[in-house]
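Note sheet for the following structure.
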Amino acid sequence: LGTLARTLYAARRMRAKLFGDADLFAEPAWDILLDLYTAHCEGKLLPVTSACIGASVPVTTALRWLNILEAKSLIQRESDPNDARRTYVRISPLGVARMERMLGEFDEMLAGAGSGY
């Protein structure tokens, strides 16, 4: 499912590039969840700044969406024990469960359509 999440994230970047208008397809919450789920699958912890960049929207918009996702218990923040200026963000256990259900069902849909990714 991590590979599927990475592929969906890359497809979203490609779509924005081909249409030449990232704002046309802006969906920062989904981009953040895909990015954080991929990081989870790879055993990585992302700084908030990286999660904001991954959302492909202005930083203020990304931070607003991080707050919303945190309020819905889909992500968690934690301070860097070695650098008080840095905060990390990770997908929460609830976020992982929901992403795995979504990606699993999407994977089944693709398999039923006879398409490989």
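Please note that chains go A, B, ... in the order of the structure tokens, that every chain numbers its residues from 1, and that ligands are numbered from 1 in the order shown.
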
For Leu1 in chain A: contacts at 10 Å, only C-alpha atoms, fewer than 4 positions along chain excluded, given as a list of chain:residue names
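In the requested format, the answer is A:Ala5, A:Arg6, A:Thr7, A:Tyr37, A:Thr38, A:Cys41, A:Met99, A:Glu100, A:Arg101, A:Met102, A:Leu103, A:Gly104, A:Phe106, A:Asp107.
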
Would you save the residues from that selection as an mmCIF file, in the first residue's frame, using N, CA, C and O atoms?
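Below is the file selection-v8.cif, written as the result:
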data_model
loop_
_atom_site.group_PDB
_atom_site.id
_atom_site.type_symbol
_atom_site.label_atom_id
_atom_site.label_comp_id
_atom_site.auth_asym_id
_atom_site.auth_seq_id
_atom_site.Cartn_x
_atom_site.Cartn_y
_atom_site.Cartn_z
ATOM 1 N N ALA A 5 0.406 4.491 -2.418
ATOM 2 C CA ALA A 5 0.343 5.869 -1.923
ATOM 3 C C ALA A 5 1.380 6.741 -2.629
ATOM 4 O O ALA A 5 1.088 7.861 -3.051
ATOM 5 N N ARG A 6 2.593 6.223 -2.776
ATOM 6 C CA ARG A 6 3.657 6.971 -3.458
ATOM 7 C C ARG A 6 3.282 7.230 -4.912
ATOM 8 O O ARG A 6 3.498 8.316 -5.448
ATOM 9 N N THR A 7 2.682 6.233 -5.565
ATOM 10 C CA THR A 7 2.268 6.369 -6.963
ATOM 11 C C THR A 7 1.159 7.408 -7.110
ATOM 12 O O THR A 7 1.185 8.238 -8.032
ATOM 13 N N TYR A 37 1.672 9.055 5.014
ATOM 14 C CA TYR A 37 1.518 7.594 4.990
ATOM 15 C C TYR A 37 2.741 6.956 4.317
ATOM 16 O O TYR A 37 3.261 5.947 4.807
ATOM 17 N N THR A 38 3.191 7.547 3.233
ATOM 18 C CA THR A 38 4.390 7.044 2.556
ATOM 19 C C THR A 38 5.590 7.094 3.508
ATOM 20 O O THR A 38 6.352 6.133 3.607
ATOM 21 N N CYS A 41 5.352 4.299 5.969
ATOM 22 C CA CYS A 41 5.730 3.007 5.368
ATOM 23 C C CYS A 41 7.236 2.878 5.205
ATOM 24 O O CYS A 41 7.778 1.771 5.246
ATOM 25 N N MET A 99 -6.104 5.287 6.073
ATOM 26 C CA MET A 99 -5.392 5.269 4.793
ATOM 27 C C MET A 99 -5.292 3.841 4.263
ATOM 28 O O MET A 99 -5.471 3.611 3.063
ATOM 29 N N GLU A 100 -5.012 2.884 5.142
ATOM 30 C CA GLU A 100 -4.895 1.501 4.682
ATOM 31 C C GLU A 100 -6.237 0.968 4.183
ATOM 32 O O GLU A 100 -6.279 0.237 3.205
ATOM 33 N N ARG A 101 -7.304 1.382 4.815
ATOM 34 C CA ARG A 101 -8.619 0.964 4.310
ATOM 35 C C ARG A 101 -8.879 1.596 2.947
ATOM 36 O O ARG A 101 -9.294 0.916 2.003
ATOM 37 N N MET A 102 -8.634 2.905 2.840
ATOM 38 C CA MET A 102 -8.860 3.613 1.575
ATOM 39 C C MET A 102 -7.982 3.042 0.460
ATOM 40 O O MET A 102 -8.464 2.731 -0.633
ATOM 41 N N LEU A 103 -6.701 2.911 0.732
ATOM 42 C CA LEU A 103 -5.776 2.414 -0.287
ATOM 43 C C LEU A 103 -6.052 0.952 -0.626
ATOM 44 O O LEU A 103 -5.945 0.559 -1.792
ATOM 45 N N GLY A 104 -6.423 0.162 0.372
ATOM 46 C CA GLY A 104 -6.759 -1.233 0.112
ATOM 47 C C GLY A 104 -7.968 -1.359 -0.797
ATOM 48 O O GLY A 104 -7.977 -2.155 -1.745
ATOM 49 N N PHE A 106 -9.052 0.960 -2.847
ATOM 50 C CA PHE A 106 -8.664 1.508 -4.148
ATOM 51 C C PHE A 106 -7.854 0.473 -4.933
ATOM 52 O O PHE A 106 -8.068 0.288 -6.137
ATOM 53 N N ASP A 107 -6.959 -0.224 -4.244
ATOM 54 C CA ASP A 107 -6.159 -1.270 -4.870
ATOM 55 C C ASP A 107 -7.067 -2.375 -5.427
ATOM 56 O O ASP A 107 -6.850 -2.864 -6.535
#

Between A:Gly20, A:Gly114, A:Pro93, A:Pro47, which one has atoms that come closest to Ser73 in chain A, using only C-alpha atoms?
A:Pro93

Hey, what's within 10 Å of His40 in chain A if we count only C-alpha atoms and toss same-chain stuff fewer than 4 positions away? As a PDB file with all heavy atoms, in the first residue's frame, please?
ATOM      1  N   GLY A   2       2.057   1.147   0.553  1.00  0.00           N
ATOM      2  CA  GLY A   2       2.971   2.288   0.518  1.00  0.00           C
ATOM      3  C   GLY A   2       3.344   2.663  -0.904  1.00  0.00           C
ATOM      4  O   GLY A   2       3.434   3.843  -1.250  1.00  0.00           O
ATOM      5  N   LEU A  34      -1.199  11.393   2.028  1.00  0.00           N
ATOM      6  CA  LEU A  34      -0.414  10.501   1.171  1.00  0.00           C
ATOM      7  C   LEU A  34       1.068  10.583   1.525  1.00  0.00           C
ATOM      8  O   LEU A  34       1.756   9.565   1.638  1.00  0.00           O
ATOM      9  CB  LEU A  34      -0.613  10.847  -0.306  1.00  0.00           C
ATOM     10  CG  LEU A  34      -1.922  10.423  -0.949  1.00  0.00           C
ATOM     11  CD1 LEU A  34      -2.057  11.059  -2.333  1.00  0.00           C
ATOM     12  CD2 LEU A  34      -2.030   8.906  -1.043  1.00  0.00           C
ATOM     13  N   ASP A  35       1.561  11.803   1.694  1.00  0.00           N
ATOM     14  CA  ASP A  35       2.969  12.025   2.007  1.00  0.00           C
ATOM     15  C   ASP A  35       3.326  11.406   3.359  1.00  0.00           C
ATOM     16  O   ASP A  35       4.332  10.702   3.495  1.00  0.00           O
ATOM     17  CB  ASP A  35       3.249  13.530   1.994  1.00  0.00           C
ATOM     18  CG  ASP A  35       4.710  13.879   1.905  1.00  0.00           C
ATOM     19  OD1 ASP A  35       5.528  13.044   1.465  1.00  0.00           O
ATOM     20  OD2 ASP A  35       5.058  15.039   2.240  1.00  0.00           O
ATOM     21  N   LEU A  36       2.487  11.640   4.362  1.00  0.00           N
ATOM     22  CA  LEU A  36       2.781  11.114   5.694  1.00  0.00           C
ATOM     23  C   LEU A  36       2.612   9.596   5.760  1.00  0.00           C
ATOM     24  O   LEU A  36       3.357   8.913   6.473  1.00  0.00           O
ATOM     25  CB  LEU A  36       1.903  11.789   6.745  1.00  0.00           C
ATOM     26  CG  LEU A  36       2.200  13.268   6.990  1.00  0.00           C
ATOM     27  CD1 LEU A  36       1.246  13.840   8.021  1.00  0.00           C
ATOM     28  CD2 LEU A  36       3.643  13.479   7.412  1.00  0.00           C
ATOM     29  N   LYS A  44      10.073   6.846   8.096  1.00  0.00           N
ATOM     30  CA  LYS A  44      10.617   8.202   8.185  1.00  0.00           C
ATOM     31  C   LYS A  44       9.705   9.093   9.012  1.00  0.00           C
ATOM     32  O   LYS A  44       8.497   8.894   9.063  1.00  0.00           O
ATOM     33  CB  LYS A  44      10.768   8.809   6.791  1.00  0.00           C
ATOM     34  CG  LYS A  44      11.758   8.097   5.909  1.00  0.00           C
ATOM     35  CD  LYS A  44      11.823   8.754   4.548  1.00  0.00           C
ATOM     36  CE  LYS A  44      12.772   8.020   3.621  1.00  0.00           C
ATOM     37  NZ  LYS A  44      12.747   8.588   2.276  1.00  0.00           N
ATOM     38  N   LEU A  45      10.299  10.085   9.609  1.00  0.00           N
ATOM     39  CA  LEU A  45       9.585  11.110  10.354  1.00  0.00           C
ATOM     40  C   LEU A  45       9.824  12.424   9.619  1.00  0.00           C
ATOM     41  O   LEU A  45      10.973  12.755   9.306  1.00  0.00           O
ATOM     42  CB  LEU A  45      10.137  11.171  11.780  1.00  0.00           C
ATOM     43  CG  LEU A  45       9.375  11.964  12.806  1.00  0.00           C
ATOM     44  CD1 LEU A  45       7.952  11.426  12.960  1.00  0.00           C
ATOM     45  CD2 LEU A  45      10.090  11.868  14.147  1.00  0.00           C
ATOM     46  N   LEU A  46       8.760  13.160   9.309  1.00  0.00           N
ATOM     47  CA  LEU A  46       8.909  14.387   8.524  1.00  0.00           C
ATOM     48  C   LEU A  46       8.813  15.636   9.389  1.00  0.00           C
ATOM     49  O   LEU A  46       7.909  15.743  10.226  1.00  0.00           O
ATOM     50  CB  LEU A  46       7.815  14.476   7.459  1.00  0.00           C
ATOM     51  CG  LEU A  46       7.817  13.461   6.342  1.00  0.00           C
ATOM     52  CD1 LEU A  46       6.686  13.750   5.373  1.00  0.00           C
ATOM     53  CD2 LEU A  46       9.142  13.464   5.606  1.00  0.00           C
ATOM     54  N   ARG A  90       3.671  13.186  12.027  1.00  0.00           N
ATOM     55  CA  ARG A  90       3.525  11.814  11.551  1.00  0.00           C
ATOM     56  C   ARG A  90       2.046  11.495  11.467  1.00  0.00           C
ATOM     57  O   ARG A  90       1.230  12.124  12.118  1.00  0.00           O
ATOM     58  CB  ARG A  90       4.240  10.830  12.454  1.00  0.00           C
ATOM     59  CG  ARG A  90       3.577  10.652  13.803  1.00  0.00           C
ATOM     60  CD  ARG A  90       4.159   9.529  14.649  1.00  0.00           C
ATOM     61  NE  ARG A  90       5.505   9.824  15.080  1.00  0.00           N
ATOM     62  CZ  ARG A  90       6.509   8.948  14.992  1.00  0.00           C
ATOM     63  NH1 ARG A  90       6.306   7.736  14.546  1.00  0.00           N
ATOM     64  NH2 ARG A  90       7.711   9.269  15.397  1.00  0.00           N
ATOM     65  N   ILE A  91       1.725  10.520  10.667  1.00  0.00           N
ATOM     66  CA  ILE A  91       0.351  10.058  10.583  1.00  0.00           C
ATOM     67  C   ILE A  91       0.047   9.278  11.863  1.00  0.00           C
ATOM     68  O   ILE A  91       0.902   8.546  12.366  1.00  0.00           O
ATOM     69  CB  ILE A  91       0.121   9.235   9.295  1.00  0.00           C
ATOM     70  CG1 ILE A  91      -1.366   9.043   9.042  1.00  0.00           C
ATOM     71  CG2 ILE A  91       0.895   7.932   9.316  1.00  0.00           C
ATOM     72  CD1 ILE A  91      -1.693   8.598   7.625  1.00  0.00           C
ATOM     73  N   SER A  92      -1.122   9.474  12.414  1.00  0.00           N
ATOM     74  CA  SER A  92      -1.507   8.810  13.665  1.00  0.00           C
ATOM     75  C   SER A  92      -1.941   7.370  13.385  1.00  0.00           C
ATOM     76  O   SER A  92      -2.191   7.005  12.222  1.00  0.00           O
ATOM     77  CB  SER A  92      -2.670   9.574  14.302  1.00  0.00           C
ATOM     78  OG  SER A  92      -3.840   9.396  13.518  1.00  0.00           O
ATOM     79  N   VAL A  96      -3.356   5.989   9.894  1.00  0.00           N
ATOM     80  CA  VAL A  96      -2.828   4.799   9.213  1.00  0.00           C
ATOM     81  C   VAL A  96      -3.965   3.837   8.887  1.00  0.00           C
ATOM     82  O   VAL A  96      -4.084   3.342   7.760  1.00  0.00           O
ATOM     83  CB  VAL A  96      -1.740   4.087  10.061  1.00  0.00           C
ATOM     84  CG1 VAL A  96      -1.399   2.723   9.486  1.00  0.00           C
ATOM     85  CG2 VAL A  96      -0.495   4.953  10.166  1.00  0.00           C
TER      86      VAL A  96
END

Name the residues of chain A that come out as strand (DSSP E or B) in a backbone DSSP run; write them as a ChimeraX atom specification.
/A:46-47,75-80,83-91

With all heavy atoms retained, export the selected residues as a short mmCIF file (atom, residue, chain, number, x, y, z; two decimals), in the first residue's frame.
data_model
loop_
_atom_site.label_atom_id
_atom_site.label_comp_id
_atom_site.auth_asym_id
_atom_site.auth_seq_id
_atom_site.Cartn_x
_atom_site.Cartn_y
_atom_site.Cartn_z
N LEU A 46 8.76 13.16 9.31
CA LEU A 46 8.91 14.39 8.52
C LEU A 46 8.81 15.64 9.39
O LEU A 46 7.91 15.74 10.23
CB LEU A 46 7.82 14.48 7.46
CG LEU A 46 7.82 13.46 6.34
CD1 LEU A 46 6.69 13.75 5.37
CD2 LEU A 46 9.14 13.46 5.61
N PRO A 47 9.70 16.59 9.17
CA PRO A 47 9.53 17.89 9.81
C PRO A 47 8.28 18.56 9.25
O PRO A 47 7.89 18.31 8.10
CB PRO A 47 10.78 18.68 9.41
CG PRO A 47 11.74 17.68 8.85
CD PRO A 47 10.93 16.52 8.37
N ILE A 75 -3.31 13.00 12.32
CA ILE A 75 -1.86 13.20 12.38
C ILE A 75 -1.48 13.57 13.81
O ILE A 75 -2.33 13.93 14.62
CB ILE A 75 -1.35 14.29 11.41
CG1 ILE A 75 -1.86 15.66 11.81
CG2 ILE A 75 -1.72 13.96 9.97
CD1 ILE A 75 -1.15 16.81 11.14
N GLN A 76 -0.17 13.47 14.09
CA GLN A 76 0.36 13.84 15.40
C GLN A 76 1.62 14.67 15.18
O GLN A 76 2.37 14.42 14.24
CB GLN A 76 0.73 12.59 16.20
CG GLN A 76 -0.42 11.66 16.45
CD GLN A 76 0.02 10.33 17.02
OE1 GLN A 76 1.09 9.82 16.70
NE2 GLN A 76 -0.81 9.76 17.86
N ARG A 77 1.83 15.61 16.06
CA ARG A 77 3.07 16.39 16.04
C ARG A 77 3.90 16.00 17.26
O ARG A 77 3.36 15.64 18.29
CB ARG A 77 2.77 17.89 16.12
CG ARG A 77 2.03 18.42 14.94
CD ARG A 77 1.80 19.90 15.13
NE ARG A 77 0.64 20.32 14.39
CZ ARG A 77 0.63 21.35 13.56
NH1 ARG A 77 1.70 22.07 13.38
NH2 ARG A 77 -0.47 21.68 12.94
N GLU A 78 5.21 16.11 17.09
CA GLU A 78 6.10 15.89 18.23
C GLU A 78 7.33 16.76 18.07
O GLU A 78 7.81 17.00 16.96
CB GLU A 78 6.48 14.41 18.37
CG GLU A 78 7.18 13.81 17.19
CD GLU A 78 7.36 12.31 17.34
OE1 GLU A 78 6.36 11.59 17.27
OE2 GLU A 78 8.52 11.89 17.54
N SER A 79 7.80 17.25 19.19
CA SER A 79 8.98 18.12 19.20
C SER A 79 10.24 17.30 18.98
O SER A 79 10.33 16.15 19.40
CB SER A 79 9.09 18.85 20.53
OG SER A 79 7.97 19.66 20.73
N ASP A 80 11.20 17.93 18.32
CA ASP A 80 12.51 17.31 18.14
C ASP A 80 13.25 17.42 19.47
O ASP A 80 13.46 18.54 19.97
CB ASP A 80 13.27 18.05 17.03
CG ASP A 80 14.62 17.44 16.72
OD1 ASP A 80 15.21 16.77 17.59
OD2 ASP A 80 15.11 17.65 15.60
N ASP A 83 16.42 19.61 18.97
CA ASP A 83 16.34 20.96 18.41
C ASP A 83 14.94 21.51 18.68
O ASP A 83 13.97 21.14 18.01
CB ASP A 83 16.61 20.92 16.90
CG ASP A 83 16.68 22.30 16.26
OD1 ASP A 83 16.28 23.29 16.90
OD2 ASP A 83 17.13 22.37 15.11
N ALA A 84 14.84 22.38 19.66
CA ALA A 84 13.54 22.92 20.08
C ALA A 84 12.86 23.73 18.98
O ALA A 84 11.66 23.99 19.07
CB ALA A 84 13.73 23.79 21.33
N ARG A 85 13.60 24.10 17.95
CA ARG A 85 12.99 24.87 16.85
C ARG A 85 12.26 23.99 15.86
O ARG A 85 11.52 24.48 15.02
CB ARG A 85 14.08 25.66 16.10
CG ARG A 85 14.80 26.68 16.97
CD ARG A 85 16.01 27.20 16.27
NE ARG A 85 16.95 26.08 16.08
CZ ARG A 85 18.07 26.14 15.39
NH1 ARG A 85 18.42 27.26 14.81
NH2 ARG A 85 18.86 25.08 15.28
N ARG A 86 12.46 22.68 15.93
CA ARG A 86 11.89 21.76 14.94
C ARG A 86 10.77 20.91 15.55
O ARG A 86 10.89 20.42 16.65
CB ARG A 86 12.98 20.84 14.40
CG ARG A 86 12.43 19.90 13.32
CD ARG A 86 13.49 19.01 12.75
NE ARG A 86 14.56 19.81 12.20
CZ ARG A 86 15.80 19.38 11.98
NH1 ARG A 86 16.13 18.15 12.26
NH2 ARG A 86 16.70 20.17 11.48
N THR A 87 9.72 20.78 14.76
CA THR A 87 8.60 19.90 15.13
C THR A 87 8.41 18.91 14.00
O THR A 87 8.47 19.26 12.82
CB THR A 87 7.32 20.72 15.33
OG1 THR A 87 7.55 21.69 16.36
CG2 THR A 87 6.15 19.84 15.73
N TYR A 88 8.18 17.67 14.38
CA TYR A 88 7.92 16.62 13.40
C TYR A 88 6.43 16.35 13.35
O TYR A 88 5.69 16.61 14.30
CB TYR A 88 8.65 15.33 13.78
CG TYR A 88 10.14 15.42 13.65
CD1 TYR A 88 10.96 15.57 14.76
CD2 TYR A 88 10.74 15.38 12.40
CE1 TYR A 88 12.33 15.66 14.63
CE2 TYR A 88 12.11 15.46 12.26
CZ TYR A 88 12.90 15.60 13.37
OH TYR A 88 14.26 15.69 13.24
N VAL A 89 6.02 15.79 12.24
CA VAL A 89 4.62 15.39 12.07
C VAL A 89 4.61 13.98 11.52
O VAL A 89 5.44 13.60 10.72
CB VAL A 89 3.86 16.39 11.17
CG1 VAL A 89 4.41 16.44 9.77
CG2 VAL A 89 2.38 16.12 11.16
N ARG A 90 3.67 13.19 12.03
CA ARG A 90 3.52 11.81 11.55
C ARG A 90 2.05 11.50 11.47
O ARG A 90 1.23 12.12 12.12
CB ARG A 90 4.24 10.83 12.45
CG ARG A 90 3.58 10.65 13.80
CD ARG A 90 4.16 9.53 14.65
NE ARG A 90 5.50 9.82 15.08
CZ ARG A 90 6.51 8.95 14.99
NH1 ARG A 90 6.31 7.74 14.55
NH2 ARG A 90 7.71 9.27 15.40
N ILE A 91 1.73 10.52 10.67
CA ILE A 91 0.35 10.06 10.58
C ILE A 91 0.05 9.28 11.86
O ILE A 91 0.90 8.55 12.37
CB ILE A 91 0.12 9.24 9.29
CG1 ILE A 91 -1.37 9.04 9.04
CG2 ILE A 91 0.89 7.93 9.32
CD1 ILE A 91 -1.69 8.60 7.62
#
